[in-house]
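Asks: Here it is, the structure, as structure tokens.
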Amino acid sequence: MERKVALITGGARGMGRAIAAALAERNWDVAVTYRTSAADARSLEEETKDLDGSVRGLKVDVSDPAAAEQLVRKIEQDLGRIDALVHCAGPYHRVPLLQETAEGWNSMFDNNLHPIFYLSRAAAPGMQKRGWGRIVTFSMANADQMVGQPHVTAHYIAKVGVLILTRTLAKILAPKGITVNAISPGFIETGSAPLEELAKAVKNIPAGYIGSPEDAVGVVLYLLSDDARYVNGTNIHLSGAWGI
């Protein structure tokens, strides 16, 4: 059976890393992108080198539309296809809204929302031709509530936009056998948030604990499977009931 190929943005660390390793264990060829995590990408390649599938790290700024297009073409040339896009890249920073800079504001959209459009637009034709594809995006657990966010305003608005873009892509691509779904994490211990912030958050999480990257793996594996062929345009909360 021909191997499936996945492209995971932000796949050198955190949830993307765990997803990449899980897919390689299941005979997928995986390309993960990073911008600054070269050492993490190399260690991921080393850790997965004996698995049935393969993982390769690629340094790419997917906020650049030309670079995103070139990335898709390179993977299609080197690996023959792209069956799944998993958009894990999603940096954020905390700053009071009225102290935010134009550069900081724009960076939240450039890195959290726009690459989904760039990469989906580039990869969709190949998926449509084959009549099968999976796109998984990452929003945040309370983005569908559209509440005020004084300290992460641009990031939050971008994540709301991810949900709208996800549903729109699902409507467009469903006739071609392609599903597009969002996962909305709450507090996940990926190494990107200060431990003291996570410790304070526990009391507000109904499940009573912080999630791990492995919690995302099962959801992604399901969404990429044929068992989820009729699940399209949905938003799955991965939050221990926080943010709902």
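Chain lettering (A, B, ...) mirrors the order of the structure tokens, residue numbering begins at 1 for each chain separately, and ligand numbering begins at 1 in order of display.
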Would you kindly return, as a ChimeraX atom specification, each protein, DNA or RNA residue with an atom no farther than 6 Å from any atom of stretch 230-237 of chain A, considering only C-alpha atoms and excluding same-chain residues fewer than 6 positions away?
Replies: /A:141,167,170,179-184
Asks: Those same residues - N, CA, C and O atoms - I'd like them written as a short mmCIF file (atom, residue, chain, number, x, y, z; two decimals), in the first residue's frame.
Replies:
```cif
data_model
loop_
_atom_site.label_atom_id
_atom_site.label_comp_id
_atom_site.auth_asym_id
_atom_site.auth_seq_id
_atom_site.Cartn_x
_atom_site.Cartn_y
_atom_site.Cartn_z
N ALA A 141 -9.89 26.83 22.71
CA ALA A 141 -11.11 26.24 23.26
C ALA A 141 -12.28 27.21 23.41
O ALA A 141 -13.42 26.81 23.31
N ARG A 167 -14.59 26.02 8.38
CA ARG A 167 -15.93 25.68 7.90
C ARG A 167 -16.09 26.00 6.41
O ARG A 167 -16.73 25.25 5.67
N ALA A 170 -14.30 23.43 4.40
CA ALA A 170 -15.06 22.17 4.44
C ALA A 170 -16.18 22.18 3.42
O ALA A 170 -16.40 21.19 2.70
N THR A 179 -11.97 16.35 3.97
CA THR A 179 -12.55 16.89 5.20
C THR A 179 -11.63 17.95 5.77
O THR A 179 -10.41 17.87 5.66
N VAL A 180 -12.25 18.94 6.40
CA VAL A 180 -11.52 20.04 7.03
C VAL A 180 -12.14 20.27 8.41
O VAL A 180 -13.31 20.64 8.50
N ASN A 181 -11.38 20.02 9.45
CA ASN A 181 -11.90 20.13 10.81
C ASN A 181 -10.92 20.86 11.72
O ASN A 181 -9.71 20.86 11.47
N ALA A 182 -11.47 21.46 12.76
CA ALA A 182 -10.66 22.20 13.73
C ALA A 182 -10.61 21.47 15.06
O ALA A 182 -11.57 20.82 15.48
N ILE A 183 -9.46 21.58 15.71
CA ILE A 183 -9.29 21.14 17.10
C ILE A 183 -9.01 22.39 17.91
O ILE A 183 -8.20 23.23 17.52
N SER A 184 -9.70 22.53 19.05
CA SER A 184 -9.56 23.73 19.87
C SER A 184 -9.04 23.36 21.25
O SER A 184 -9.82 22.99 22.14
#
```
Asks: Write out as a PDB file with N, CA and C atoms, in the first residue's frame the residues lying within 9 Å of stretch 204-220 of chain A, counting only C-alpha atoms and excluding same-chain residues fewer than 4 positions away.
Replies:
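Dumped to result14.pdb:
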```
ATOM      1  N   GLY A  14       6.034  20.312  20.714  1.00  0.00           N
ATOM      2  CA  GLY A  14       4.677  20.283  21.243  1.00  0.00           C
ATOM      3  C   GLY A  14       3.759  19.282  20.581  1.00  0.00           C
ATOM      4  N   MET A  15       2.527  19.712  20.328  1.00  0.00           N
ATOM      5  CA  MET A  15       1.529  18.811  19.765  1.00  0.00           C
ATOM      6  C   MET A  15       1.920  18.341  18.364  1.00  0.00           C
ATOM      7  N   GLY A  16       2.483  19.234  17.563  1.00  0.00           N
ATOM      8  CA  GLY A  16       2.894  18.840  16.220  1.00  0.00           C
ATOM      9  C   GLY A  16       3.926  17.741  16.229  1.00  0.00           C
ATOM     10  N   ARG A  17       4.842  17.805  17.159  1.00  0.00           N
ATOM     11  CA  ARG A  17       5.885  16.786  17.275  1.00  0.00           C
ATOM     12  C   ARG A  17       5.279  15.429  17.628  1.00  0.00           C
ATOM     13  N   ALA A  18       4.370  15.433  18.609  1.00  0.00           N
ATOM     14  CA  ALA A  18       3.734  14.177  19.019  1.00  0.00           C
ATOM     15  C   ALA A  18       2.921  13.577  17.875  1.00  0.00           C
ATOM     16  N   ILE A  19       2.247  14.432  17.113  1.00  0.00           N
ATOM     17  CA  ILE A  19       1.450  13.958  15.972  1.00  0.00           C
ATOM     18  C   ILE A  19       2.361  13.384  14.893  1.00  0.00           C
ATOM     19  N   ALA A  20       3.469  14.052  14.621  1.00  0.00           N
ATOM     20  CA  ALA A  20       4.405  13.572  13.601  1.00  0.00           C
ATOM     21  C   ALA A  20       4.940  12.196  13.953  1.00  0.00           C
ATOM     22  N   ALA A  22       3.588   9.955  15.914  1.00  0.00           N
ATOM     23  CA  ALA A  22       2.509   8.963  15.856  1.00  0.00           C
ATOM     24  C   ALA A  22       2.212   8.552  14.415  1.00  0.00           C
ATOM     25  N   VAL A  86      -1.763  19.412   8.592  1.00  0.00           N
ATOM     26  CA  VAL A  86      -2.074  19.613  10.007  1.00  0.00           C
ATOM     27  C   VAL A  86      -1.393  20.916  10.423  1.00  0.00           C
ATOM     28  N   VAL A 136      -6.499  19.594   8.984  1.00  0.00           N
ATOM     29  CA  VAL A 136      -6.809  19.782  10.402  1.00  0.00           C
ATOM     30  C   VAL A 136      -6.198  21.109  10.842  1.00  0.00           C
ATOM     31  N   ILE A 183      -9.464  21.581  15.714  1.00  0.00           N
ATOM     32  CA  ILE A 183      -9.290  21.141  17.096  1.00  0.00           C
ATOM     33  C   ILE A 183      -9.014  22.393  17.914  1.00  0.00           C
ATOM     34  N   PRO A 185      -7.727  23.439  21.443  1.00  0.00           N
ATOM     35  CA  PRO A 185      -7.157  23.078  22.746  1.00  0.00           C
ATOM     36  C   PRO A 185      -7.433  24.136  23.804  1.00  0.00           C
ATOM     37  N   GLY A 186      -7.448  23.665  25.033  1.00  0.00           N
ATOM     38  CA  GLY A 186      -7.430  24.555  26.177  1.00  0.00           C
ATOM     39  C   GLY A 186      -5.998  24.658  26.662  1.00  0.00           C
ATOM     40  N   PHE A 187      -5.764  24.298  27.914  1.00  0.00           N
ATOM     41  CA  PHE A 187      -4.419  24.354  28.468  1.00  0.00           C
ATOM     42  C   PHE A 187      -3.714  23.023  28.237  1.00  0.00           C
ATOM     43  N   ILE A 188      -2.679  23.065  27.400  1.00  0.00           N
ATOM     44  CA  ILE A 188      -1.903  21.882  27.055  1.00  0.00           C
ATOM     45  C   ILE A 188      -0.437  22.154  27.412  1.00  0.00           C
ATOM     46  N   GLU A 189       0.194  21.228  28.079  1.00  0.00           N
ATOM     47  CA  GLU A 189       1.590  21.422  28.477  1.00  0.00           C
ATOM     48  C   GLU A 189       2.515  21.063  27.310  1.00  0.00           C
ATOM     49  N   THR A 190       2.806  22.082  26.501  1.00  0.00           N
ATOM     50  CA  THR A 190       3.654  21.885  25.328  1.00  0.00           C
ATOM     51  C   THR A 190       5.037  22.495  25.504  1.00  0.00           C
ATOM     52  N   LEU A 198       0.230  27.620  33.959  1.00  0.00           N
ATOM     53  CA  LEU A 198      -0.537  26.382  33.868  1.00  0.00           C
ATOM     54  C   LEU A 198      -1.035  25.954  35.244  1.00  0.00           C
ATOM     55  N   ALA A 199      -0.186  26.115  36.263  1.00  0.00           N
ATOM     56  CA  ALA A 199      -0.574  25.715  37.618  1.00  0.00           C
ATOM     57  C   ALA A 199      -1.782  26.527  38.101  1.00  0.00           C
ATOM     58  N   LYS A 200      -1.814  27.801  37.774  1.00  0.00           N
ATOM     59  CA  LYS A 200      -2.941  28.646  38.173  1.00  0.00           C
ATOM     60  C   LYS A 200      -4.211  28.270  37.416  1.00  0.00           C
ATOM     61  N   LEU A 224      -7.961  11.973  10.658  1.00  0.00           N
ATOM     62  CA  LEU A 224      -7.268  11.575   9.433  1.00  0.00           C
ATOM     63  C   LEU A 224      -7.740  10.226   8.904  1.00  0.00           C
ATOM     64  N   SER A 225      -8.493   9.501   9.698  1.00  0.00           N
ATOM     65  CA  SER A 225      -8.893   8.144   9.325  1.00  0.00           C
ATOM     66  C   SER A 225     -10.157   8.151   8.473  1.00  0.00           C
ATOM     67  N   ILE A 236     -13.628  20.460  17.454  1.00  0.00           N
ATOM     68  CA  ILE A 236     -13.520  19.553  18.593  1.00  0.00           C
ATOM     69  C   ILE A 236     -12.761  20.228  19.724  1.00  0.00           C
ATOM     70  N   LEU A 238     -10.624  20.345  22.956  1.00  0.00           N
ATOM     71  CA  LEU A 238      -9.638  19.507  23.621  1.00  0.00           C
ATOM     72  C   LEU A 238      -9.167  20.273  24.847  1.00  0.00           C
ATOM     73  N   SER A 239     -10.028  20.281  25.866  1.00  0.00           N
ATOM     74  CA  SER A 239      -9.811  21.256  26.940  1.00  0.00           C
ATOM     75  C   SER A 239     -10.215  20.775  28.323  1.00  0.00           C
ATOM     76  N   GLY A 240     -10.623  19.520  28.470  1.00  0.00           N
ATOM     77  CA  GLY A 240     -11.107  19.095  29.782  1.00  0.00           C
ATOM     78  C   GLY A 240     -12.330  19.854  30.227  1.00  0.00           C
ATOM     79  N   ALA A 241     -13.118  20.339  29.258  1.00  0.00           N
ATOM     80  CA  ALA A 241     -14.354  21.107  29.478  1.00  0.00           C
ATOM     81  C   ALA A 241     -14.094  22.558  29.870  1.00  0.00           C
ATOM     82  N   TRP A 242     -12.851  23.031  29.750  1.00  0.00           N
ATOM     83  CA  TRP A 242     -12.580  24.461  29.945  1.00  0.00           C
ATOM     84  C   TRP A 242     -12.992  25.229  28.690  1.00  0.00           C
ATOM     85  N   GLY A 243     -13.535  26.410  28.864  1.00  0.00           N
ATOM     86  CA  GLY A 243     -13.815  27.299  27.739  1.00  0.00           C
ATOM     87  C   GLY A 243     -15.086  26.994  26.977  1.00  0.00           C
TER      88      GLY A 243
END
```
Asks: Just the strand (DSSP E) stuff from stretch 123-237 of chain A, please, per backbone DSSP, written as a PyMOL selection string.
Replies: chain A and resi 133-138+178-185+235-237
Asks: Create the file for the chosen residues now, containing all heavy atoms and written as a short mmCIF file (atom, residue, chain, number, x, y, z; two decimals), in the first residue's frame.
Replies:
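Output file result31.cif is given in full below:
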```
data_model
loop_
_atom_site.label_atom_id
_atom_site.label_comp_id
_atom_site.auth_asym_id
_atom_site.auth_seq_id
_atom_site.Cartn_x
_atom_site.Cartn_y
_atom_site.Cartn_z
N GLY A 133 -8.54 13.65 1.02
CA GLY A 133 -7.62 14.55 1.71
C GLY A 133 -8.15 14.91 3.08
O GLY A 133 -9.34 14.79 3.37
N ARG A 134 -7.23 15.36 3.92
CA ARG A 134 -7.57 15.77 5.28
C ARG A 134 -6.83 17.05 5.61
O ARG A 134 -5.62 17.15 5.40
CB ARG A 134 -7.19 14.68 6.30
CG ARG A 134 -7.90 13.34 6.12
CD ARG A 134 -9.35 13.43 6.51
NE ARG A 134 -10.04 12.16 6.48
CZ ARG A 134 -10.73 11.69 5.45
NH1 ARG A 134 -10.80 12.39 4.32
NH2 ARG A 134 -11.34 10.52 5.52
N ILE A 135 -7.57 18.01 6.14
CA ILE A 135 -6.97 19.24 6.64
C ILE A 135 -7.44 19.42 8.08
O ILE A 135 -8.64 19.36 8.36
CB ILE A 135 -7.37 20.46 5.79
CG1 ILE A 135 -6.88 20.28 4.35
CG2 ILE A 135 -6.80 21.74 6.40
CD1 ILE A 135 -7.34 21.38 3.40
N VAL A 136 -6.50 19.59 8.98
CA VAL A 136 -6.81 19.78 10.40
C VAL A 136 -6.20 21.11 10.84
O VAL A 136 -5.00 21.35 10.63
CB VAL A 136 -6.26 18.64 11.27
CG1 VAL A 136 -6.55 18.90 12.75
CG2 VAL A 136 -6.85 17.30 10.84
N THR A 137 -7.00 21.97 11.42
CA THR A 137 -6.54 23.25 11.93
C THR A 137 -6.61 23.27 13.45
O THR A 137 -7.28 22.43 14.06
CB THR A 137 -7.40 24.40 11.36
OG1 THR A 137 -8.74 24.28 11.87
CG2 THR A 137 -7.44 24.36 9.84
N PHE A 138 -5.94 24.23 14.04
CA PHE A 138 -5.97 24.38 15.49
C PHE A 138 -6.44 25.79 15.85
O PHE A 138 -5.83 26.78 15.45
CB PHE A 138 -4.60 24.12 16.11
CG PHE A 138 -4.32 22.66 16.33
CD1 PHE A 138 -3.95 21.84 15.27
CD2 PHE A 138 -4.47 22.08 17.59
CE1 PHE A 138 -3.72 20.48 15.46
CE2 PHE A 138 -4.24 20.73 17.79
CZ PHE A 138 -3.87 19.93 16.72
N ILE A 178 -12.73 15.50 0.65
CA ILE A 178 -11.76 16.12 1.56
C ILE A 178 -12.50 16.65 2.79
O ILE A 178 -13.53 17.30 2.67
CB ILE A 178 -11.03 17.28 0.86
CG1 ILE A 178 -10.30 16.77 -0.38
CG2 ILE A 178 -10.05 17.96 1.81
CD1 ILE A 178 -9.84 17.87 -1.32
N THR A 179 -11.97 16.35 3.97
CA THR A 179 -12.55 16.89 5.20
C THR A 179 -11.63 17.95 5.77
O THR A 179 -10.41 17.87 5.66
CB THR A 179 -12.79 15.79 6.25
OG1 THR A 179 -11.54 15.29 6.73
CG2 THR A 179 -13.63 14.66 5.69
N VAL A 180 -12.25 18.94 6.40
CA VAL A 180 -11.52 20.04 7.03
C VAL A 180 -12.14 20.27 8.41
O VAL A 180 -13.31 20.64 8.50
CB VAL A 180 -11.58 21.33 6.19
CG1 VAL A 180 -10.62 22.37 6.75
CG2 VAL A 180 -11.28 21.05 4.72
N ASN A 181 -11.38 20.02 9.45
CA ASN A 181 -11.90 20.13 10.81
C ASN A 181 -10.92 20.86 11.72
O ASN A 181 -9.71 20.86 11.47
CB ASN A 181 -12.16 18.73 11.39
CG ASN A 181 -13.28 18.01 10.67
OD1 ASN A 181 -14.45 18.37 10.81
ND2 ASN A 181 -12.94 17.00 9.88
N ALA A 182 -11.47 21.46 12.76
CA ALA A 182 -10.66 22.20 13.73
C ALA A 182 -10.61 21.47 15.06
O ALA A 182 -11.57 20.82 15.48
CB ALA A 182 -11.24 23.60 13.94
N ILE A 183 -9.46 21.58 15.71
CA ILE A 183 -9.29 21.14 17.10
C ILE A 183 -9.01 22.39 17.91
O ILE A 183 -8.20 23.23 17.52
CB ILE A 183 -8.13 20.15 17.23
CG1 ILE A 183 -8.40 18.89 16.41
CG2 ILE A 183 -7.88 19.79 18.70
CD1 ILE A 183 -7.22 17.93 16.33
N SER A 184 -9.70 22.53 19.05
CA SER A 184 -9.56 23.73 19.87
C SER A 184 -9.04 23.36 21.25
O SER A 184 -9.82 22.99 22.14
CB SER A 184 -10.90 24.47 19.97
OG SER A 184 -11.22 25.08 18.75
N PRO A 185 -7.73 23.44 21.44
CA PRO A 185 -7.16 23.08 22.75
C PRO A 185 -7.43 24.14 23.80
O PRO A 185 -7.60 25.32 23.51
CB PRO A 185 -5.64 23.00 22.45
CG PRO A 185 -5.51 23.01 20.97
CD PRO A 185 -6.71 23.76 20.46
N ASN A 235 -15.69 21.44 15.04
CA ASN A 235 -14.72 22.02 15.96
C ASN A 235 -14.71 21.17 17.22
O ASN A 235 -15.69 21.14 17.96
CB ASN A 235 -15.11 23.47 16.30
CG ASN A 235 -14.20 24.10 17.35
OD1 ASN A 235 -13.02 23.74 17.45
ND2 ASN A 235 -14.74 25.02 18.12
N ILE A 236 -13.63 20.46 17.45
CA ILE A 236 -13.52 19.55 18.59
C ILE A 236 -12.76 20.23 19.72
O ILE A 236 -11.60 20.61 19.57
CB ILE A 236 -12.82 18.24 18.19
CG1 ILE A 236 -13.63 17.53 17.10
CG2 ILE A 236 -12.62 17.34 19.41
CD1 ILE A 236 -12.97 16.27 16.57
N HIS A 237 -13.42 20.37 20.87
CA HIS A 237 -12.77 20.97 22.03
C HIS A 237 -11.85 19.94 22.70
O HIS A 237 -12.28 18.82 22.99
CB HIS A 237 -13.81 21.46 23.04
CG HIS A 237 -14.51 22.70 22.61
ND1 HIS A 237 -15.57 22.67 21.72
CD2 HIS A 237 -14.31 24.00 22.91
CE1 HIS A 237 -15.99 23.90 21.51
NE2 HIS A 237 -15.25 24.74 22.22
#
```
Asks: Run DSSP on the backbone and tell me which residues of stretch 108-161 of chain A come out as helix (DSSP H, G or I); list them as a ChimeraX atom specification.
Replies: /A:108-112,114-130,143-145,153-161
Asks: Which is closest to A:Gly191 among A:Ala154, A:Leu98, A:Glu45, A:Arg13, if we use only C-alpha atoms?
Replies: A:Arg13
Asks: Atom CA of A:Tyr156 and atom CA of A:Phe109 are how many Å apart?
Replies: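 Value for the atom CA of A:Tyr156-atom CA of A:Phe109 distance: 9.5 Å.
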Asks: Between A:Ala24, A:Ala89, A:Ala39, A:Ala84, which has the minimum distance to A:Val62 (counting only C-alpha atoms)?
Replies: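 Closest residue, counting only C-alpha atoms: A:Ala89.
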